[in-house]
Amino acid sequence: MDAIPPDRSPELDERTRAILDFERSWWQGGGAKERLIRERFGLSGTRYHQLLVRAIDQPEALAYDPMLVRRLRRLRETRRRTRVARRLGLPS
């Protein structure tokens with residue numbers, strides 16, 4: 001039985017892996033992120049981010065790229081806390 005390379009999780013579909021790979025390095029390609037998303041995936045920025053949020057909640061994504069997924073989860077939580085604090089009139 002062949003071993004699965006550690007950088008490839010069999011549970012993640014190809015599009016989810018491509019989204020995670022893109023998110024890790026999109027800034028190196030230069031240009032506006034929205035344009036790069038549309039060119040590479042044929043998706044709107046909103047749809048791309050919906051898929052990204054769904055992806056980072058998957059345990060398989062964490063196994064695939066732990067540093068990226070943890071960073072994105074931290075950013076999401078920080079933004080969520082800022083929004084809640086703003087709504088409640090608390091300092092952020």
# chains A, B, ... in the order shown; residues from 1 in each chain; ligands from 1

$ residues_around --residues "segment 21-34 of chain A" --least-positions-apart "5" --cutoff "8 Å" --atoms "only C-alpha atoms" --output "JSON, numbers by chain"
{"A": [44, 45, 68]}

$ closest_residue --among "A:Ala85, A:Ile19, A:Ala61, A:Met67" --to "Arg40 of chain A" --atoms "only C-alpha atoms"
A:Ile19
